[in-house]
>>> print(open('upload_30.pdb').read())   # PDB, C-alpha atoms
ATOM      1  CA  MET A  21       0.000   0.000   0.000  1.00  0.00           C
ATOM      2  CA  THR A  22       1.426   3.382  -0.997  1.00  0.00           C
ATOM      3  CA  LEU A  23       1.330   6.378   1.328  1.00  0.00           C
ATOM      4  CA  ARG A  24      -1.124   8.059  -1.017  1.00  0.00           C
ATOM      5  CA  THR A  25      -3.482   5.089  -0.682  1.00  0.00           C
ATOM      6  CA  ALA A  26      -3.011   5.136   3.093  1.00  0.00           C
ATOM      7  CA  ALA A  27      -3.845   8.846   3.218  1.00  0.00           C
ATOM      8  CA  LEU A  28      -7.031   8.327   1.232  1.00  0.00           C
ATOM      9  CA  ALA A  29      -7.963   5.390   3.432  1.00  0.00           C
ATOM     10  CA  CYS A  30      -7.369   7.460   6.544  1.00  0.00           C
ATOM     11  CA  LEU A  31      -9.634  10.242   5.287  1.00  0.00           C
ATOM     12  CA  ALA A  32     -12.275   7.761   4.178  1.00  0.00           C
ATOM     13  CA  LEU A  33     -12.345   6.084   7.602  1.00  0.00           C
ATOM     14  CA  LEU A  34     -12.793   9.304   9.568  1.00  0.00           C
ATOM     15  CA  PRO A  35     -16.617   9.286   9.249  1.00  0.00           C
ATOM     16  CA  LEU A  36     -16.661   5.658  10.449  1.00  0.00           C
ATOM     17  CA  LEU A  37     -14.886   6.354  13.742  1.00  0.00           C
ATOM     18  CA  PRO A  38     -16.976   6.195  16.940  1.00  0.00           C
ATOM     19  CA  TRP A  39     -17.821   9.912  16.816  1.00  0.00           C
ATOM     20  CA  ARG A  40     -21.189   9.411  18.492  1.00  0.00           C
ATOM     21  CA  SER A  41     -19.609   8.440  21.833  1.00  0.00           C
ATOM     22  CA  ALA A  42     -16.706  10.877  21.415  1.00  0.00           C
ATOM     23  CA  MET A  43     -19.041  13.806  20.705  1.00  0.00           C
ATOM     24  CA  ALA A  44     -20.367  13.609  24.266  1.00  0.00           C
ATOM     25  CA  GLN A  45     -16.939  14.683  25.547  1.00  0.00           C
ATOM     26  CA  ALA A  46     -15.808  16.810  22.590  1.00  0.00           C
ATOM     27  CA  ASP A  47     -14.719  20.437  22.537  1.00  0.00           C
ATOM     28  CA  PHE A  48     -15.745  22.682  19.656  1.00  0.00           C
ATOM     29  CA  SER A  49     -13.666  25.736  18.774  1.00  0.00           C
ATOM     30  CA  GLY A  50     -12.930  27.923  15.820  1.00  0.00           C
ATOM     31  CA  SER A  51     -11.904  31.312  14.533  1.00  0.00           C
ATOM     32  CA  VAL A  52     -12.617  33.867  11.825  1.00  0.00           C
ATOM     33  CA  ALA A  53      -9.786  35.965  10.463  1.00  0.00           C
ATOM     34  CA  LEU A  54      -8.848  38.509   7.824  1.00  0.00           C
ATOM     35  CA  GLN A  55      -5.281  38.608   6.455  1.00  0.00           C
ATOM     36  CA  SER A  56      -3.797  41.302   4.238  1.00  0.00           C
ATOM     37  CA  ASP A  57      -2.273  38.466   2.161  1.00  0.00           C
ATOM     38  CA  TYR A  58      -2.638  34.695   2.540  1.00  0.00           C
ATOM     39  CA  ARG A  59       0.920  33.365   2.417  1.00  0.00           C
ATOM     40  CA  TYR A  60       1.215  29.576   2.542  1.00  0.00           C
ATOM     41  CA  ARG A  61       4.646  28.038   3.035  1.00  0.00           C
ATOM     42  CA  GLY A  62       6.307  31.117   1.633  1.00  0.00           C
ATOM     43  CA  GLN A  63       4.037  31.362  -1.407  1.00  0.00           C
ATOM     44  CA  SER A  64       1.307  33.983  -1.754  1.00  0.00           C
ATOM     45  CA  LEU A  65      -2.072  32.381  -2.442  1.00  0.00           C
ATOM     46  CA  GLY A  66      -3.868  35.701  -2.179  1.00  0.00           C
ATOM     47  CA  ASP A  67      -2.032  37.663  -4.887  1.00  0.00           C
ATOM     48  CA  GLY A  68      -1.490  40.451  -2.366  1.00  0.00           C
ATOM     49  CA  ARG A  69      -5.218  40.821  -1.685  1.00  0.00           C
ATOM     50  CA  PRO A  70      -7.042  40.504   1.677  1.00  0.00           C
ATOM     51  CA  SER A  71      -8.080  36.926   2.459  1.00  0.00           C
ATOM     52  CA  PRO A  72     -11.037  36.084   4.753  1.00  0.00           C
ATOM     53  CA  GLN A  73     -10.557  32.805   6.629  1.00  0.00           C
ATOM     54  CA  LEU A  74     -12.601  30.403   8.748  1.00  0.00           C
ATOM     55  CA  THR A  75     -11.414  27.530  10.960  1.00  0.00           C
ATOM     56  CA  LEU A  76     -13.616  24.991  12.787  1.00  0.00           C
ATOM     57  CA  ASN A  77     -12.178  22.335  15.133  1.00  0.00           C
ATOM     58  CA  LEU A  78     -13.643  19.399  17.035  1.00  0.00           C
ATOM     59  CA  ASP A  79     -11.453  17.732  19.685  1.00  0.00           C
ATOM     60  CA  SER A  80     -12.566  14.610  21.576  1.00  0.00           C
ATOM     61  CA  ALA A  81     -11.420  13.602  25.045  1.00  0.00           C
ATOM     62  CA  SER A  82     -10.089  10.338  23.598  1.00  0.00           C
ATOM     63  CA  GLY A  83      -7.551  12.222  21.441  1.00  0.00           C
ATOM     64  CA  TRP A  84      -9.261  12.106  18.030  1.00  0.00           C
ATOM     65  CA  TYR A  85      -9.781  15.448  16.325  1.00  0.00           C
ATOM     66  CA  GLY A  86     -11.000  16.858  13.036  1.00  0.00           C
ATOM     67  CA  GLY A  87     -11.718  20.159  11.415  1.00  0.00           C
ATOM     68  CA  VAL A  88     -12.120  22.299   8.332  1.00  0.00           C
ATOM     69  CA  PHE A  89     -10.338  25.413   7.097  1.00  0.00           C
ATOM     70  CA  ALA A  90     -11.449  27.838   4.384  1.00  0.00           C
ATOM     71  CA  ALA A  91      -9.583  30.831   2.939  1.00  0.00           C
ATOM     72  CA  GLY A  92     -10.017  33.174   0.011  1.00  0.00           C
ATOM     73  CA  THR A  93      -7.337  32.524  -2.622  1.00  0.00           C
ATOM     74  CA  SER A  94      -6.178  33.702  -6.039  1.00  0.00           C
ATOM     75  CA  ILE A  95      -4.506  31.207  -8.393  1.00  0.00           C
ATOM     76  CA  ALA A  96      -3.559  32.069 -11.975  1.00  0.00           C
ATOM     77  CA  ASP A  97      -5.612  35.288 -11.696  1.00  0.00           C
ATOM     78  CA  GLN A  98      -8.687  33.273 -10.729  1.00  0.00           C
ATOM     79  CA  ARG A  99     -10.407  34.132  -7.466  1.00  0.00           C
ATOM     80  CA  GLY A 100     -11.799  31.305  -5.376  1.00  0.00           C
ATOM     81  CA  ALA A 101     -11.280  29.505  -2.096  1.00  0.00           C
ATOM     82  CA  LYS A 102      -9.064  26.905  -0.506  1.00  0.00           C
ATOM     83  CA  LEU A 103     -11.089  24.297   1.393  1.00  0.00           C
ATOM     84  CA  GLN A 104      -9.171  21.923   3.653  1.00  0.00           C
ATOM     85  CA  ALA A 105     -10.472  19.052   5.776  1.00  0.00           C
ATOM     86  CA  TYR A 106      -8.188  17.333   8.279  1.00  0.00           C
ATOM     87  CA  GLY A 107      -8.328  14.696  10.981  1.00  0.00           C
ATOM     88  CA  GLY A 108      -5.936  12.891  13.253  1.00  0.00           C
ATOM     89  CA  TYR A 109      -5.034  11.667  16.710  1.00  0.00           C
ATOM     90  CA  ALA A 110      -3.123  13.476  19.469  1.00  0.00           C
ATOM     91  CA  LEU A 111      -1.602  11.912  22.571  1.00  0.00           C
ATOM     92  CA  ARG A 112      -0.611  13.945  25.629  1.00  0.00           C
ATOM     93  CA  LEU A 113       2.570  12.769  27.356  1.00  0.00           C
ATOM     94  CA  ARG A 114       3.403  12.957  31.062  1.00  0.00           C
ATOM     95  CA  SER A 115       6.095  15.505  30.251  1.00  0.00           C
ATOM     96  CA  GLY A 116       3.408  17.952  29.178  1.00  0.00           C
ATOM     97  CA  TRP A 117       4.225  17.594  25.482  1.00  0.00           C
ATOM     98  CA  SER A 118       1.791  16.174  22.922  1.00  0.00           C
ATOM     99  CA  VAL A 119       2.472  14.068  19.842  1.00  0.00           C
ATOM    100  CA  GLU A 120       0.085  13.754  16.903  1.00  0.00           C
ATOM    101  CA  ALA A 121      -0.418  12.290  13.450  1.00  0.00           C
ATOM    102  CA  GLY A 122      -3.086  12.860  10.814  1.00  0.00           C
ATOM    103  CA  CYS A 123      -4.020  13.486   7.196  1.00  0.00           C
ATOM    104  CA  SER A 124      -5.652  16.299   5.246  1.00  0.00           C
ATOM    105  CA  ARG A 125      -7.234  17.047   1.887  1.00  0.00           C
ATOM    106  CA  ALA A 126      -6.873  20.478   0.244  1.00  0.00           C
ATOM    107  CA  THR A 127      -9.250  21.558  -2.536  1.00  0.00           C
ATOM    108  CA  TYR A 128      -9.097  24.753  -4.623  1.00  0.00           C
ATOM    109  CA  THR A 129     -12.484  25.761  -6.016  1.00  0.00           C
ATOM    110  CA  GLN A 130     -11.007  27.640  -8.997  1.00  0.00           C
ATOM    111  CA  LEU A 131      -8.394  25.017  -9.943  1.00  0.00           C
ATOM    112  CA  HIS A 132      -9.145  21.426  -8.943  1.00  0.00           C
ATOM    113  CA  SER A 133      -5.995  20.205 -10.690  1.00  0.00           C
ATOM    114  CA  ALA A 134      -4.089  21.686  -7.727  1.00  0.00           C
ATOM    115  CA  ASP A 135      -5.983  19.571  -5.147  1.00  0.00           C
ATOM    116  CA  TYR A 136      -3.794  17.261  -3.082  1.00  0.00           C
ATOM    117  CA  ASN A 137      -3.637  14.933  -0.058  1.00  0.00           C
ATOM    118  CA  GLU A 138      -1.090  15.142   2.718  1.00  0.00           C
ATOM    119  CA  CYS A 139      -0.138  13.290   5.906  1.00  0.00           C
ATOM    120  CA  TYR A 140       1.736  14.721   8.864  1.00  0.00           C
ATOM    121  CA  ALA A 141       3.220  13.983  12.287  1.00  0.00           C
ATOM    122  CA  GLY A 142       4.393  16.382  14.946  1.00  0.00           C
ATOM    123  CA  ALA A 143       4.928  17.351  18.547  1.00  0.00           C
ATOM    124  CA  SER A 144       3.910  20.401  20.565  1.00  0.00           C
ATOM    125  CA  GLY A 145       4.713  21.977  23.904  1.00  0.00           C
ATOM    126  CA  GLU A 146       3.479  25.042  25.729  1.00  0.00           C
ATOM    127  CA  ARG A 147       5.284  27.508  23.480  1.00  0.00           C
ATOM    128  CA  LEU A 148       6.585  25.447  20.559  1.00  0.00           C
ATOM    129  CA  THR A 149       5.083  23.222  17.877  1.00  0.00           C
ATOM    130  CA  THR A 150       6.759  21.266  15.105  1.00  0.00           C
ATOM    131  CA  ARG A 151       5.393  19.188  12.225  1.00  0.00           C
ATOM    132  CA  LEU A 152       6.634  17.182   9.261  1.00  0.00           C
ATOM    133  CA  TYR A 153       4.307  16.833   6.237  1.00  0.00           C
ATOM    134  CA  TYR A 154       4.446  14.467   3.270  1.00  0.00           C
ATOM    135  CA  ALA A 155       2.468  14.921   0.031  1.00  0.00           C
ATOM    136  CA  PRO A 156       2.686  12.265  -2.742  1.00  0.00           C
ATOM    137  CA  ARG A 157       1.450  14.752  -5.388  1.00  0.00           C
ATOM    138  CA  TYR A 158       2.138  18.246  -4.073  1.00  0.00           C
ATOM    139  CA  PHE A 159      -0.331  20.832  -5.421  1.00  0.00           C
ATOM    140  CA  GLY A 160      -1.615  18.179  -7.815  1.00  0.00           C
ATOM    141  CA  GLY A 161       1.736  17.847  -9.587  1.00  0.00           C
ATOM    142  CA  ALA A 162       3.942  14.834 -10.240  1.00  0.00           C
ATOM    143  CA  ALA A 163       6.364  15.642  -7.424  1.00  0.00           C
ATOM    144  CA  ARG A 164       6.467  14.198  -3.957  1.00  0.00           C
ATOM    145  CA  ALA A 165       7.289  16.794  -1.306  1.00  0.00           C
ATOM    146  CA  LEU A 166       8.327  17.077   2.324  1.00  0.00           C
ATOM    147  CA  TYR A 167       7.641  20.171   4.417  1.00  0.00           C
ATOM    148  CA  GLY A 168       8.957  20.692   7.935  1.00  0.00           C
ATOM    149  CA  GLU A 169       8.076  23.588  10.188  1.00  0.00           C
ATOM    150  CA  VAL A 170       8.748  24.946  13.677  1.00  0.00           C
ATOM    151  CA  ASN A 171       6.476  27.536  15.302  1.00  0.00           C
ATOM    152  CA  VAL A 172       7.220  29.518  18.462  1.00  0.00           C
ATOM    153  CA  PHE A 173       4.767  31.493  20.579  1.00  0.00           C
ATOM    154  CA  TYR A 174       6.333  33.439  23.436  1.00  0.00           C
ATOM    155  CA  PRO A 175       4.725  36.075  25.705  1.00  0.00           C
ATOM    156  CA  ILE A 176       7.174  38.961  26.094  1.00  0.00           C
ATOM    157  CA  HIS A 177       4.613  41.202  27.846  1.00  0.00           C
ATOM    158  CA  PRO A 178       1.096  40.715  29.251  1.00  0.00           C
ATOM    159  CA  SER A 179      -0.263  42.408  26.118  1.00  0.00           C
ATOM    160  CA  VAL A 180       2.339  41.381  23.513  1.00  0.00           C
ATOM    161  CA  ASN A 181       3.231  37.902  22.222  1.00  0.00           C
ATOM    162  CA  LEU A 182       6.196  37.074  20.002  1.00  0.00           C
ATOM    163  CA  VAL A 183       5.407  34.751  17.078  1.00  0.00           C
ATOM    164  CA  ALA A 184       8.065  33.081  14.945  1.00  0.00           C
ATOM    165  CA  HIS A 185       8.019  30.451  12.205  1.00  0.00           C
ATOM    166  CA  ALA A 186      10.627  28.583  10.159  1.00  0.00           C
ATOM    167  CA  GLY A 187       9.759  26.188   7.339  1.00  0.00           C
ATOM    168  CA  LEU A 188      11.555  24.132   4.693  1.00  0.00           C
ATOM    169  CA  LEU A 189       9.882  22.656   1.602  1.00  0.00           C
ATOM    170  CA  ARG A 190      11.839  19.992  -0.273  1.00  0.00           C
ATOM    171  CA  THR A 191      10.771  18.533  -3.613  1.00  0.00           C
ATOM    172  CA  LEU A 192      11.678  14.854  -3.865  1.00  0.00           C
ATOM    173  CA  ARG A 193      10.765  14.185  -7.512  1.00  0.00           C
ATOM    174  CA  GLY A 194       9.440  16.134 -10.500  1.00  0.00           C
ATOM    175  CA  ARG A 195       9.965  19.612 -11.889  1.00  0.00           C
ATOM    176  CA  ASP A 196       6.532  20.369 -13.310  1.00  0.00           C
ATOM    177  CA  TRP A 197       6.232  24.132 -13.050  1.00  0.00           C
ATOM    178  CA  PRO A 198       4.075  25.704 -11.701  1.00  0.00           C
ATOM    179  CA  ALA A 199       2.690  22.840  -9.612  1.00  0.00           C
ATOM    180  CA  THR A 200       6.113  22.305  -8.019  1.00  0.00           C
ATOM    181  CA  PRO A 201       7.635  25.765  -7.652  1.00  0.00           C
ATOM    182  CA  ALA A 202      11.083  24.932  -6.278  1.00  0.00           C
ATOM    183  CA  SER A 203      13.469  22.148  -5.410  1.00  0.00           C
ATOM    184  CA  THR A 204      13.977  23.769  -2.001  1.00  0.00           C
ATOM    185  CA  ARG A 205      12.091  26.674  -0.458  1.00  0.00           C
ATOM    186  CA  TYR A 206      12.816  28.334   2.877  1.00  0.00           C
ATOM    187  CA  ASP A 207      10.253  30.527   4.598  1.00  0.00           C
ATOM    188  CA  LEU A 208      10.624  32.535   7.804  1.00  0.00           C
ATOM    189  CA  LYS A 209       8.251  34.702   9.797  1.00  0.00           C
ATOM    190  CA  LEU A 210       8.795  36.983  12.770  1.00  0.00           C
ATOM    191  CA  GLY A 211       6.166  39.202  14.287  1.00  0.00           C
ATOM    192  CA  ALA A 212       4.101  40.275  17.267  1.00  0.00           C
ATOM    193  CA  SER A 213       0.538  39.493  18.294  1.00  0.00           C
ATOM    194  CA  LEU A 214      -1.619  41.701  20.517  1.00  0.00           C
ATOM    195  CA  PRO A 215      -4.569  39.958  22.256  1.00  0.00           C
ATOM    196  CA  PHE A 216      -7.789  41.798  23.120  1.00  0.00           C
ATOM    197  CA  GLY A 217     -10.051  39.244  24.785  1.00  0.00           C
ATOM    198  CA  ASN A 218     -11.209  36.897  22.029  1.00  0.00           C
ATOM    199  CA  TRP A 219      -9.670  39.209  19.431  1.00  0.00           C
ATOM    200  CA  SER A 220      -6.038  39.430  18.385  1.00  0.00           C
ATOM    201  CA  VAL A 221      -4.093  41.551  15.910  1.00  0.00           C
ATOM    202  CA  GLN A 222      -0.823  40.328  14.408  1.00  0.00           C
ATOM    203  CA  LEU A 223       1.815  42.038  12.311  1.00  0.00           C
ATOM    204  CA  ALA A 224       4.624  39.902  10.904  1.00  0.00           C
ATOM    205  CA  ARG A 225       7.460  40.140   8.410  1.00  0.00           C
ATOM    206  CA  GLU A 226       7.725  37.116   6.136  1.00  0.00           C
ATOM    207  CA  TYR A 227      10.799  36.102   4.161  1.00  0.00           C
ATOM    208  CA  THR A 228      11.004  33.471   1.404  1.00  0.00           C
ATOM    209  CA  ARG A 229      13.915  32.091  -0.598  1.00  0.00           C
ATOM    210  CA  ASP A 230      13.857  29.508  -3.422  1.00  0.00           C
ATOM    211  CA  ASP A 231      17.029  27.760  -4.576  1.00  0.00           C
ATOM    212  CA  GLY A 232      15.517  27.178  -8.014  1.00  0.00           C
ATOM    213  CA  ILE A 233      12.312  27.336 -10.008  1.00  0.00           C
ATOM    214  CA  GLY A 234      10.963  25.371 -12.939  1.00  0.00           C
ATOM    215  CA  TYR A 235      12.967  23.218 -15.315  1.00  0.00           C
ATOM    216  CA  ALA A 236      16.076  25.403 -15.278  1.00  0.00           C
ATOM    217  CA  TYR A 237      16.264  25.614 -11.478  1.00  0.00           C
ATOM    218  CA  VAL A 238      17.666  29.135 -11.700  1.00  0.00           C
ATOM    219  CA  PRO A 239      18.226  30.731  -8.262  1.00  0.00           C
ATOM    220  CA  GLN A 240      15.544  33.306  -7.460  1.00  0.00           C
ATOM    221  CA  ARG A 241      15.724  36.562  -5.562  1.00  0.00           C
ATOM    222  CA  PRO A 242      14.359  36.348  -1.996  1.00  0.00           C
ATOM    223  CA  SER A 243      10.936  37.888  -1.419  1.00  0.00           C
ATOM    224  CA  GLN A 244       9.740  39.717   1.678  1.00  0.00           C
ATOM    225  CA  ALA A 245       6.352  40.986   2.756  1.00  0.00           C
ATOM    226  CA  TRP A 246       4.530  42.477   5.719  1.00  0.00           C
ATOM    227  CA  VAL A 247       1.337  40.628   6.648  1.00  0.00           C
ATOM    228  CA  LEU A 248      -1.326  42.127   8.906  1.00  0.00           C
ATOM    229  CA  SER A 249      -4.101  39.947  10.296  1.00  0.00           C
ATOM    230  CA  THR A 250      -6.935  40.182  12.782  1.00  0.00           C
ATOM    231  CA  THR A 251      -8.573  37.112  14.333  1.00  0.00           C
ATOM    232  CA  TYR A 252     -11.613  36.391  16.485  1.00  0.00           C
ATOM    233  CA  ALA A 253     -11.459  33.045  18.315  1.00  0.00           C
ATOM    234  CA  PHE A 254     -14.470  31.244  19.777  1.00  0.00           C
TER     235      PHE A 254
END
>>> encode(input="upload_30.pdb", output="C-alpha cells")
Amino acid sequence: MTLRTAALACLALLPLLPWRSAMAQADFSGSVALQSDYRYRGQSLGDGRPSPQLTLNLDSASGWYGGVFAAGTSIADQRGAKLQAYGGYALRLRSGWSVEAGCSRATYTQLHSADYNECYAGASGERLTTRLYYAPRYFGGAARALYGEVNVFYPIHPSVNLVAHAGLLRTLRGRDWPATPASTRYDLKLGASLPFGNWSVQLAREYTRDDGIGYAYVPQRPSQAWVLSTTYAF
C-alpha cells in the first residue's frame, strides 16, 4: 500500500470512527480571520489581496480530532477559495508535550488540478510546535514533497506575544512548473501578536527564498512581505 493510498484510506475512515460516543466529551472551537495576504509556506495564495478565513475544530477527550479550514485565494488570476479538511489523533505525554499524526485534503475551487492529499506527524509543547508533512502529489503535480516547520509562541509582555516560524519545503521528484515551484524553499516569519479578549491583531514580516524554479532551477531573488491579520477566536 502506498502512502497516497493510506492517506485516502485514513480520510475515508474518519466518518466511520466512533464519533457518536466521542461527541459527548468533545470540545468545539474555531476562529474567523482577515489577512492582508494569505501566504502559505512562503508562497502567496492571495495575490497580495485581503483573504477572509474560517477555521472549525472538534477535539474529543479520547484524542481524536477533526476540522475544516477555508480561505479566500487567487490562483492564476482566478479568485476562489481553498477548502481543507483534516483529521488525526493526538496523545498527551506525562512531560506535558503532545504528539500527533493525521491526514488532510486540500481543494481549490477555482483550480481542482491543484488539489492534493497530505499526511503529517508532529509534537507540541506550551510555546513550541513542530510538524513534518508528506504529500505524494504536491499541489496536484507529479512531485512528492516534504515540508517541515517549527512555530514559536512566546509572551514577552502581558499584552504582547512574540510569534516566529521557520519552514523548509523539499521537492523529492518532479519539476513540473508551476505545480512544483522549487526544489527547495525556505520561509521565515517573525512578528508580534496583541490579544484583546477573544480578538487578536498580528503584524509579521515574512521572508522566502527559493534555490531554483521550474525546469532550469535558476536561483531566485528572496521575497519579503509584511502581513497584517486580525482574528476572532471562539
>>> residues_around(input="upload_30.pdb", residues="stretch 146-152 of chain A", least_positions_apart="2", cutoff="9 Å", atoms="all atoms listed in the file", output="PyMOL selection string")
chain A and resi 116-117+120+139-144+154+166-175
>>> axis_aligned_box(input="upload_30.pdb", around="stretch 115-120 of chain A", padding_each_side="6 Å", output="AutoDock Vina command-line options")
--center_x 3.1 --center_y 15.9 --center_z 23.6 --size_x 18.0 --size_y 16.2 --size_z 25.3
>>> resolve_selection(input="upload_30.pdb", expression="the PyMOL selection byres ((chain A and resi 91) around 9)", output="list in words")
Tyr58, Ser71, Pro72, Gln73, Leu74, Thr75, Phe89, Ala90, Gly92, Thr93, Gly100, Ala101, Lys102, Leu103 and Gln104 of chain A
>>> residues_near_point(input="upload_30.pdb", point="(-7.0, 19.1, 4.6)", cutoff="6 Å", atoms="all atoms listed in the file", output="list in words")
Gln104, Ala105, Tyr106, Ser124, Arg125 and Ala126 of chain A
>>> closest_residue(input="upload_30.pdb", among="A:Leu210, A:Ala253, A:Ala163, A:Ala96", to="A:Asn77", atoms="only C-alpha atoms")
A:Ala253
>>> resolve_selection(input="upload_30.pdb", expression="the PyMOL selection byres ((chain A and resi 156) around 8)", output="PyMOL selection string")
chain A and resi 23-24+137-138+154-155+157-158+163-165
>>> resolve_selection(input="upload_30.pdb", expression="the PyMOL selection byres ((chain A and resi 46-48) around 9)", output="list of chain:residue names")
A:Ala42, A:Met43, A:Ala44, A:Gln45, A:Ser49, A:Gly50, A:Leu76, A:Asn77, A:Leu78, A:Asp79, A:Ser80, A:Ala81, A:Ser82, A:Tyr85, A:Phe254
>>> residues_around(input="upload_30.pdb", residues="A:Leu248", least_positions_apart="4", cutoff="7 Å", atoms="all atoms listed in the file", output="ChimeraX atom specification")
/A:55-56,222-224
>>> atom_distance(input="upload_30.pdb", atom1="atom CA of A:Ser220", atom2="atom CA of A:Ser243")
26.1 Å
>>> residues_near_point(input="upload_30.pdb", point="(-9.2, 13.9, 15.8)", cutoff="6 Å", atoms="only C-alpha atoms", output="list in words")
Asp79, Trp84, Tyr85, Gly86, Gly107, Gly108 and Tyr109 of chain A
>>> atom_distance(input="upload_30.pdb", atom1="atom CA of A:Val221", atom2="atom CA of A:Thr250")
4.4 Å
>>> atom_distance(input="upload_30.pdb", atom1="atom CA of A:Thr191", atom2="atom CA of A:Ala162")
10.2 Å
>>> closest_residue(input="upload_30.pdb", among="A:Gly62, A:Thr129, A:Gly161, A:Arg69", to="A:Ala186", atoms="all atoms listed in the file")
A:Gly62
>>> residues_around(input="upload_30.pdb", residues="A:Gln63", least_positions_apart="5", cutoff="12 Å", atoms="all atoms listed in the file", output="ChimeraX atom specification")
/A:57-58,68,93-95,187,189,198-202,205-208,226-230,242-245
>>> closest_residue(input="upload_30.pdb", among="A:Gly145, A:Gly122, A:Ser203, A:Leu188", to="A:Ala110", atoms="all atoms listed in the file")
A:Gly122
>>> closest_residue(input="upload_30.pdb", among="A:Gly160, A:Leu192, A:Val180, A:Gln98", to="A:Ala134", atoms="all atoms listed in the file")
A:Gly160
>>> closest_residue(input="upload_30.pdb", among="A:Val183, A:Leu214, A:Ala53, A:Leu65", to="A:Thr251", atoms="all atoms listed in the file")
A:Ala53
